[in-house]
Amino acid sequence: MVAPSASAVQARTTRRVNPVYIVGLAATPFLAEQDAMPDELVFDAVEAALRECGLKKQDIGMTIQASMDALDGRSISSGLSTAASGGYLTDSYRIEGDSGRAIVAAAESIAAGDIEVAVAVGVHNPEISGDASTRREFLQAISNLGFEPIMDRPIGLTAETMWAMHAAGRISAGVATLDAIAALAAGEISGAASRPRSQRGEATLRDVLESAPVAWPLVDLMLPAQSTGAVAVVLASAARAGRTVGRSARITGFGHATGRYVAAGGWFLDPAATTKAAAGQAYAQGGVTGADIDLVELSAPTPALHDEYLAALDLTALDTANVNASGGMLSNYPGLANGALRLMETVESLEARGGKGRAVSHSVDVETGTVSEDVTVLVVEAL
Amino acid sequence: MSYHAAVVGVGITEATSPSRQTKSELELCQEAVWEALNHGGIDPATLDGVIIGNIDGFEGTVLGGKSLTRMLGIGMDLPVTVINTGGTTGGNLMQVAARSIRAGAQSRVLCVGGPTFFGSTDLQSAINTNSPMVIEQPLGMGAYHMGAFAASAYQQRWGLTAEDLALIAVSDHGKAAKNTRAHLRYTVTVEEVLATRPLSSPLTQGMVCPVSTSAVAMVVAAADDVANLKTTPALIRSIGMSSDPYLGGGKGDFARLQNLENLARKVYASANVRDPFNDFDVVEVFAPYVHMQIMQYEALGLAEPGHGMDLIRSGATEHGGALPTNLSGGPKCTNAGVAGELSPFAYAALQVMGDAPDGMQVAGARRALAHGTGGTFFQFENLAVFETIQN
């Protein structure tokens, strides 16, 4: 027997799935640091999401959390926060990864016919205090622990070093310029600077280029705008959603893919292949192509990845106004809550269009950068 | 439309202590994964994803599955999901896989449980970081201490003796001695168990699980996608999980597993199980401490409250008894973390597939119950009911 190719994996996963309805979405405030424990943030977000759709704890059939022990500073940290997520005496578990994956898992439980109402919640409040550089140092130390311990960890691989090597490679190859990626960052940040969830004010090209260097060519304003908080999503079956107030959107396709590890080289040569695989699955399930999509919330951790990810989603034809109206990760990145935040921004953009259209919500985890990158793609329809 | 899910391949490595283990974590996982694939005659090209458990605080790494899964020899592009719910992680793996398959999102999913405790030097200290930080953490409380609360409460209510508790360990060791995959493959006497090192009254070293290293893998597939496989699939008839509140004070009663009682009612209703003692042919429960085993029997409706011990004394739970239980020897003889937690599901599935290891197969087993649990004062519980599908 031989190892399968990526296309073989994708070709098998083309069954249509039952659509899953988004009935509640809520977030805590996004702050540099929270004066709250993870369970308090989870409770606040879930309670608000349930309240907006008129459901109660007793209506929940399953809760899925996205968090990580290493960030939460305790083993089995979900033990603390499960009850806060609504998981008391209920099906519940925790994914160590981005909340986009938790949303996919919750949607699968409903599409399977097993559950009527499910909650997916991502929480990010790293157990570290201090200034931005202290917090960055902590996150990169955790990132390093995500690499293979014999060969890769000792040479200092982290998410930021992998992103920097990718960006440097694109500049060296002449397919990108420093000014171009800086301009893209400035555009995303400034376009969303007035939005309430944005963590950054307006930034010019010069502001970006003169921000604190991190790893050449990347500087601070080219990297995710770190924040903390929690975002909760309440999903329901079509039948249950029909008797629920709240959001008017549904997920018709959900894709999940994970990239190759370091030695395979994909993280450098073609990091968008993972996004393409996830999109392929989601689009096949939803019966759509890129031409059917009106807007996207894209998760590009650096501007050097932006165009590659957009192309992998088959969405290069979209008007720039319909790509990352929120400013994406460069305006607000609440860690593992990112997937849920991107879905929230997606649904709100559809609502701003009068509740019409079809969108894509794309999220990535950043634990090991583009290495073994975990990607989720959701096809979202307004109702 | 939704679908049925079934276990179609299982791999379980031999186990030993971390100090005697000659294979790496990767080698153990590779061995289990390829045994599962070969068991079912499954081409890895037909897999759609991997669900793996990593309990970071115990493993000395973060999301180890991200790199490990790429070195298993099954391809480099499979979607990987990392689950961590502590001691119940292994049991959750299959449930996550099953729901994805039942949704139609995937057709074949590999579950991998590795040797979580390979590099740990002080597991009690690691689990202490999970406990409440005002009282329990500074006191240095670990799993033994919190587990002993329930053992003492049960003793007080039902008059259980230390000899009774030791007899539970004796029974498990007798079964493990016949399981070539078990870690502690020796028999013990009541006196020997009682003479082991005291941990937290009434528990002694011989009454709790060892620290093992092994790996377990399982392939879950859509039940309509099993043609040409070598195995008789184990239909996942019903699954479920349930969670306690975090603080011990929320449990209500330390002498009962109310959370598991609630879960059992839900799962049994879904599987149309009305008389659990007679409706199951074989049972595997995850009871790393002796008292948990009899409390679980009661919560699962296999015995009346206070009478779990009678099941063991009567021989009903032995091979050839009315309800063979933990024929693997259970976690008191082998507990490799996520691998140990996936084991009850693997062994129970093997029973209804007719492929349990030599000397363990219950003749004609067609319906099995598997249980997993984990936590400290709180417990996450999970259950699955397997039934034979004739290919």
# chains A, B, ... in the order shown; residues from 1 in each chain; ligands from 1

call {"tool": "interface_residues", "arguments": {"of": "chain A", "to": "chain B", "cutoff": "7 Å", "atoms": "only C-alpha atoms", "output": "PyMOL selection string"}}
result
chain A and resi 1+3-4+6+8-9+13+15-18+69-70+74-80+83+87-96+108-109+111-113+145-148+256-261+372

call {"tool": "select_by_dssp", "arguments": {"residues": "segment 3-198 of chain B", "states": "strand (DSSP E)", "output": "PyMOL selection string"}}
result
chain B and resi 5-12+49-53+80-83+108-113+198

call {"tool": "atom_distance", "arguments": {"atom1": "atom CA of Ile135 of chain B", "atom2": "atom CA of Ala66 of chain A"}}
result
27.2 Å

call {"tool": "residues_around", "arguments": {"residues": "segment 270-281 of chain A", "least_positions_apart": "4", "cutoff": "9 Å", "atoms": "only C-alpha atoms", "output": "JSON list (two decimals) with N, CA and C atoms, in the first residue's frame"}}
result
[["chain", "number", "residue", "atom", "x", "y", "z"],
["A", 6, "ALA", "N", -3.03, 14.14, -2.31],
["A", 6, "ALA", "CA", -4.02, 15.10, -1.81],
["A", 6, "ALA", "C", -5.31, 15.02, -2.63],
["A", 7, "SER", "N", -5.17, 14.84, -3.93],
["A", 7, "SER", "CA", -6.37, 14.80, -4.77],
["A", 7, "SER", "C", -7.22, 13.59, -4.46],
["A", 9, "VAL", "N", -7.51, 12.18, -1.53],
["A", 9, "VAL", "CA", -8.22, 12.47, -0.29],
["A", 9, "VAL", "C", -9.44, 13.32, -0.57],
["A", 10, "GLN", "N", -9.23, 14.35, -1.37],
["A", 10, "GLN", "CA", -10.32, 15.28, -1.64],
["A", 10, "GLN", "C", -11.44, 14.62, -2.43],
["A", 11, "ALA", "N", -11.06, 13.72, -3.37],
["A", 11, "ALA", "CA", -12.05, 13.13, -4.23],
["A", 11, "ALA", "C", -13.07, 12.29, -3.47],
["A", 13, "THR", "N", -14.37, 12.88, -0.49],
["A", 13, "THR", "CA", -15.23, 13.58, 0.45],
["A", 13, "THR", "C", -16.19, 14.52, -0.27],
["A", 14, "THR", "N", -17.07, 13.96, -1.06],
["A", 14, "THR", "CA", -17.95, 14.80, -1.86],
["A", 14, "THR", "C", -19.42, 14.56, -1.59],
["A", 166, "HIS", "N", 8.65, 32.29, 4.40],
["A", 166, "HIS", "CA", 7.76, 32.30, 3.24],
["A", 166, "HIS", "C", 7.76, 33.68, 2.57],
["A", 253, "GLY", "N", -21.76, 24.20, 3.47],
["A", 253, "GLY", "CA", -20.57, 23.40, 3.20],
["A", 253, "GLY", "C", -19.52, 23.70, 4.24],
["A", 254, "PHE", "N", -18.88, 22.65, 4.76],
["A", 254, "PHE", "CA", -17.80, 22.89, 5.72],
["A", 254, "PHE", "C", -16.62, 22.01, 5.36],
["A", 255, "GLY", "N", -15.48, 22.64, 5.17],
["A", 255, "GLY", "CA", -14.28, 21.92, 4.78],
["A", 255, "GLY", "C", -13.20, 22.07, 5.82],
["A", 256, "HIS", "N", -12.39, 21.05, 5.95],
["A", 256, "HIS", "CA", -11.29, 21.06, 6.92],
["A", 256, "HIS", "C", -10.09, 20.37, 6.28],
["A", 257, "ALA", "N", -8.94, 20.99, 6.35],
["A", 257, "ALA", "CA", -7.71, 20.38, 5.81],
["A", 257, "ALA", "C", -6.54, 20.76, 6.69],
["A", 258, "THR", "N", -5.52, 19.91, 6.67],
["A", 258, "THR", "CA", -4.31, 20.15, 7.45],
["A", 258, "THR", "C", -3.11, 20.01, 6.53],
["A", 259, "GLY", "N", -2.20, 20.95, 6.61],
["A", 259, "GLY", "CA", -1.05, 20.96, 5.71],
["A", 259, "GLY", "C", 0.00, 19.94, 6.08],
["A", 260, "ARG", "N", 0.98, 19.85, 5.20],
["A", 260, "ARG", "CA", 2.09, 18.93, 5.41],
["A", 260, "ARG", "C", 3.06, 19.48, 6.45],
["A", 265, "GLY", "N", 7.94, 20.52, 2.62],
["A", 265, "GLY", "CA", 8.20, 21.77, 1.92],
["A", 265, "GLY", "C", 6.99, 22.57, 1.49],
["A", 266, "GLY", "N", 5.81, 22.01, 1.64],
["A", 266, "GLY", "CA", 4.61, 22.73, 1.20],
["A", 266, "GLY", "C", 4.40, 24.03, 1.93],
["A", 285, "GLN", "N", -19.51, 20.11, -0.98],
["A", 285, "GLN", "CA", -20.65, 19.86, -0.10],
["A", 285, "GLN", "C", -21.76, 20.88, -0.36],
["A", 286, "GLY", "N", -21.36, 22.12, -0.55],
["A", 286, "GLY", "CA", -22.34, 23.19, -0.74],
["A", 286, "GLY", "C", -22.84, 23.31, -2.17],
["A", 289, "THR", "N", -19.25, 27.07, -6.58],
["A", 289, "THR", "CA", -17.89, 27.37, -7.03],
["A", 289, "THR", "C", -17.56, 28.78, -6.55],
["A", 305, "LEU", "N", 0.78, 36.12, 2.37],
["A", 305, "LEU", "CA", -0.05, 34.93, 2.13],
["A", 305, "LEU", "C", -1.42, 35.30, 1.55],
["A", 308, "GLU", "N", -2.25, 34.42, -2.20],
["A", 308, "GLU", "CA", -2.20, 32.98, -2.42],
["A", 308, "GLU", "C", -3.45, 32.29, -1.84],
["A", 309, "TYR", "N", -3.85, 32.73, -0.66],
["A", 309, "TYR", "CA", -5.04, 32.13, -0.04],
["A", 309, "TYR", "C", -6.31, 32.50, -0.82],
["A", 310, "LEU", "N", -6.35, 33.76, -1.26],
["A", 310, "LEU", "CA", -7.54, 34.19, -2.02],
["A", 310, "LEU", "C", -7.67, 33.38, -3.31],
["A", 311, "ALA", "N", -6.55, 33.14, -3.96],
["A", 311, "ALA", "CA", -6.58, 32.35, -5.20],
["A", 311, "ALA", "C", -6.98, 30.91, -4.90],
["A", 312, "ALA", "N", -6.49, 30.38, -3.79],
["A", 312, "ALA", "CA", -6.84, 28.99, -3.43],
["A", 312, "ALA", "C", -8.33, 28.85, -3.17],
["A", 313, "LEU", "N", -8.95, 29.93, -2.74],
["A", 313, "LEU", "CA", -10.40, 29.91, -2.52],
["A", 313, "LEU", "C", -11.18, 30.18, -3.80],
["A", 314, "ASP", "N", -10.44, 30.44, -4.89],
["A", 314, "ASP", "CA", -11.05, 30.74, -6.18],
["A", 314, "ASP", "C", -11.88, 32.01, -6.10],
["A", 362, "HIS", "N", -13.18, 31.82, 6.15],
["A", 362, "HIS", "CA", -11.94, 31.03, 6.08],
["A", 362, "HIS", "C", -11.12, 31.29, 7.33],
["A", 363, "SER", "N", -10.63, 30.24, 7.95],
["A", 363, "SER", "CA", -9.82, 30.43, 9.16],
["A", 363, "SER", "C", -8.64, 29.46, 9.18],
["A", 364, "VAL", "N", -7.58, 29.90, 9.83],
["A", 364, "VAL", "CA", -6.40, 29.05, 9.99],
["A", 364, "VAL", "C", -5.97, 29.08, 11.44],
["A", 370, "THR", "N", 2.65, 28.12, 8.73],
["A", 370, "THR", "CA", 2.12, 27.40, 7.58],
["A", 370, "THR", "C", 2.48, 25.92, 7.61],
["A", 371, "VAL", "N", 3.23, 25.50, 8.61],
["A", 371, "VAL", "CA", 3.55, 24.08, 8.78],
["A", 371, "VAL", "C", 2.36, 23.38, 9.44],
["A", 372, "SER", "N", 1.92, 22.28, 8.83],
["A", 372, "SER", "CA", 0.75, 21.56, 9.36],
["A", 372, "SER", "C", -0.39, 22.53, 9.66],
["A", 373, "GLU", "N", -0.51, 23.54, 8.85],
["A", 373, "GLU", "CA", -1.55, 24.54, 9.08],
["A", 373, "GLU", "C", -2.93, 23.90, 9.02],
["A", 374, "ASP", "N", -3.76, 24.22, 9.98],
["A", 374, "ASP", "CA", -5.11, 23.68, 10.03],
["A", 374, "ASP", "C", -6.06, 24.73, 9.47],
["A", 375, "VAL", "N", -6.81, 24.37, 8.46],
["A", 375, "VAL", "CA", -7.65, 25.33, 7.74],
["A", 375, "VAL", "C", -9.10, 24.87, 7.75],
["A", 376, "THR", "N", -9.98, 25.79, 7.99],
["A", 376, "THR", "CA", -11.40, 25.49, 7.83],
["A", 376, "THR", "C", -12.03, 26.50, 6.86],
["A", 377, "VAL", "N", -12.95, 26.01, 6.06],
["A", 377, "VAL", "CA", -13.68, 26.85, 5.12],
["A", 377, "VAL", "C", -15.16, 26.56, 5.29],
["A", 378, "LEU", "N", -15.94, 27.60, 5.50],
["A", 378, "LEU", "CA", -17.39, 27.46, 5.64],
["A", 378, "LEU", "C", -18.06, 28.22, 4.50],
["A", 379, "VAL", "N", -19.03, 27.57, 3.86],
["A", 379, "VAL", "CA", -19.87, 28.26, 2.88],
["A", 379, "VAL", "C", -21.13, 28.70, 3.61],
["B", 77, "ASP", "N", -1.39, 14.48, 3.74],
["B", 77, "ASP", "CA", -2.40, 15.50, 3.50],
["B", 77, "ASP", "C", -3.71, 15.27, 4.25],
["B", 79, "PRO", "N", -6.56, 15.57, 6.85],
["B", 79, "PRO", "CA", -6.93, 16.54, 7.89],
["B", 79, "PRO", "C", -6.71, 15.92, 9.27],
["B", 105, "ALA", "N", -19.69, 13.98, 6.05],
["B", 105, "ALA", "CA", -18.53, 14.83, 5.73],
["B", 105, "ALA", "C", -17.30, 14.00, 5.43]]

call {"tool": "closest_atom_pairs", "arguments": {"of": "segment 146-252 of chain A", "to": "segment 29-33 of chain A", "cutoff": "12 Å", "atoms": "only C-alpha atoms", "output": "Markdown table"}}
result
| residue | atom | partner | partner_atom | distance |
| --- | --- | --- | --- | --- |
| A:Pro196 | CA | A:Phe30 | CA | 9.5 |
| A:Arg197 | CA | A:Phe30 | CA | 6.7 |
| A:Ser198 | CA | A:Phe30 | CA | 8.6 |
| A:Gln199 | CA | A:Phe30 | CA | 8.0 |
| A:Arg200 | CA | A:Ala32 | CA | 11.3 |
| A:Ala225 | CA | A:Ala32 | CA | 9.5 |
| A:Gln226 | CA | A:Ala32 | CA | 7.1 |
| A:Ser227 | CA | A:Ala32 | CA | 4.9 |
| A:Thr228 | CA | A:Leu31 | CA | 5.4 |
| A:Gly229 | CA | A:Phe30 | CA | 5.2 |
| A:Ala230 | CA | A:Phe30 | CA | 8.0 |
| A:Val231 | CA | A:Pro29 | CA | 9.4 |

call {"tool": "write_last_selection", "arguments": {"atoms": "N, CA, C and O atoms", "output": "compact mmCIF listing (two decimals), in the first residue's frame"}}
result
# COMPACT_ATOMS: atom_id res chain seq x y z
N PRO A 196 -15.57 48.66 15.47
CA PRO A 196 -15.43 48.54 16.93
C PRO A 196 -14.51 47.41 17.38
O PRO A 196 -13.93 47.49 18.46
N ARG A 197 -14.40 46.36 16.59
CA ARG A 197 -13.57 45.23 17.04
C ARG A 197 -12.11 45.37 16.61
O ARG A 197 -11.28 44.54 16.98
N SER A 198 -11.81 46.39 15.82
CA SER A 198 -10.44 46.52 15.34
C SER A 198 -9.49 46.86 16.48
O SER A 198 -9.80 47.66 17.36
N GLN A 199 -8.32 46.27 16.45
CA GLN A 199 -7.31 46.48 17.49
C GLN A 199 -6.27 47.51 17.06
O GLN A 199 -5.36 47.83 17.82
N ARG A 200 -6.36 47.96 15.81
CA ARG A 200 -5.34 48.87 15.31
C ARG A 200 -5.99 50.11 14.68
O ARG A 200 -7.03 50.01 14.02
N ALA A 225 -3.07 41.02 14.64
CA ALA A 225 -3.29 41.98 15.74
C ALA A 225 -3.82 41.19 16.93
O ALA A 225 -5.02 40.95 17.06
N GLN A 226 -2.91 40.80 17.81
CA GLN A 226 -3.27 39.92 18.92
C GLN A 226 -4.27 40.58 19.86
O GLN A 226 -4.10 41.72 20.27
N SER A 227 -5.30 39.81 20.20
CA SER A 227 -6.23 40.25 21.23
C SER A 227 -6.65 39.02 22.02
O SER A 227 -6.25 37.90 21.69
N THR A 228 -7.44 39.22 23.05
CA THR A 228 -7.97 38.10 23.83
C THR A 228 -9.48 38.24 23.91
O THR A 228 -10.02 39.34 23.81
N GLY A 229 -10.14 37.11 24.12
CA GLY A 229 -11.59 37.14 24.23
C GLY A 229 -12.18 35.79 23.88
O GLY A 229 -11.45 34.81 23.71
N ALA A 230 -13.49 35.75 23.80
CA ALA A 230 -14.18 34.51 23.44
C ALA A 230 -15.30 34.84 22.46
O ALA A 230 -15.89 35.92 22.51
N VAL A 231 -15.54 33.90 21.55
CA VAL A 231 -16.63 34.04 20.58
C VAL A 231 -17.42 32.73 20.57
O VAL A 231 -16.82 31.65 20.51

call {"tool": "select_by_dssp", "arguments": {"residues": "segment 242-333 of chain B", "states": "helix (DSSP H, G or I)", "output": "VMD selection string"}}
result
chain B and resid 248 to 251 258 to 271 276 to 279 290 to 299 308 to 314

call {"tool": "closest_residue", "arguments": {"among": "A:Arg153, A:Lys356, A:Arg51, A:Arg206", "to": "Val233 of chain A", "atoms": "only C-alpha atoms"}}
result
A:Arg51

call {"tool": "residues_around", "arguments": {"residues": "segment 317-332 of chain B", "least_positions_apart": "4", "cutoff": "8 Å", "atoms": "only C-alpha atoms", "output": "PyMOL selection string"}}
result
chain B and resi 169+171-177+179+182+207-210+277-278+280-290+311-312+340+344+347+360+362

call {"tool": "atom_distance", "arguments": {"atom1": "atom CA of Asp152 of chain A", "atom2": "atom CA of Asn332 of chain A"}}
result
29.3 Å

call {"tool": "residues_around", "arguments": {"residues": "Glu348 of chain A", "least_positions_apart": "5", "cutoff": "12 Å", "atoms": "only C-alpha atoms", "output": "ChimeraX atom specification"}}
result
/A:22,24-26,247-249,295-297,324-326,341-343,353-357,359,361,380-382

call {"tool": "residues_around", "arguments": {"residues": "segment 156-162 of chain A", "least_positions_apart": "3", "cutoff": "12 Å", "atoms": "only C-alpha atoms", "output": "ChimeraX atom specification"}}
result
/A:136-153,165-169,213-220,222-224,261-262,265-269,271,301-302,304-305,365-373

call {"tool": "residues_around", "arguments": {"residues": "Glu35 of chain B", "least_positions_apart": "2", "cutoff": "12 Å", "atoms": "only C-alpha atoms", "output": "list in words"}}
result
Val8, Gly9, Val10, Gly11, Ile12, Thr13, Glu14, Leu28, Cys29, Gln30, Glu31, Ala32, Val33, Leu37, Asn38, His39, Gly40, Gly41, Ile42, Asp43, Pro44, Leu72, Leu110, Val112, Ala215, Val216, Ala217, Met218 and Val219 of chain B

call {"tool": "atom_distance", "arguments": {"atom1": "atom CA of Val220 of chain B", "atom2": "atom CA of Asp114 of chain A"}}
result
16.9 Å
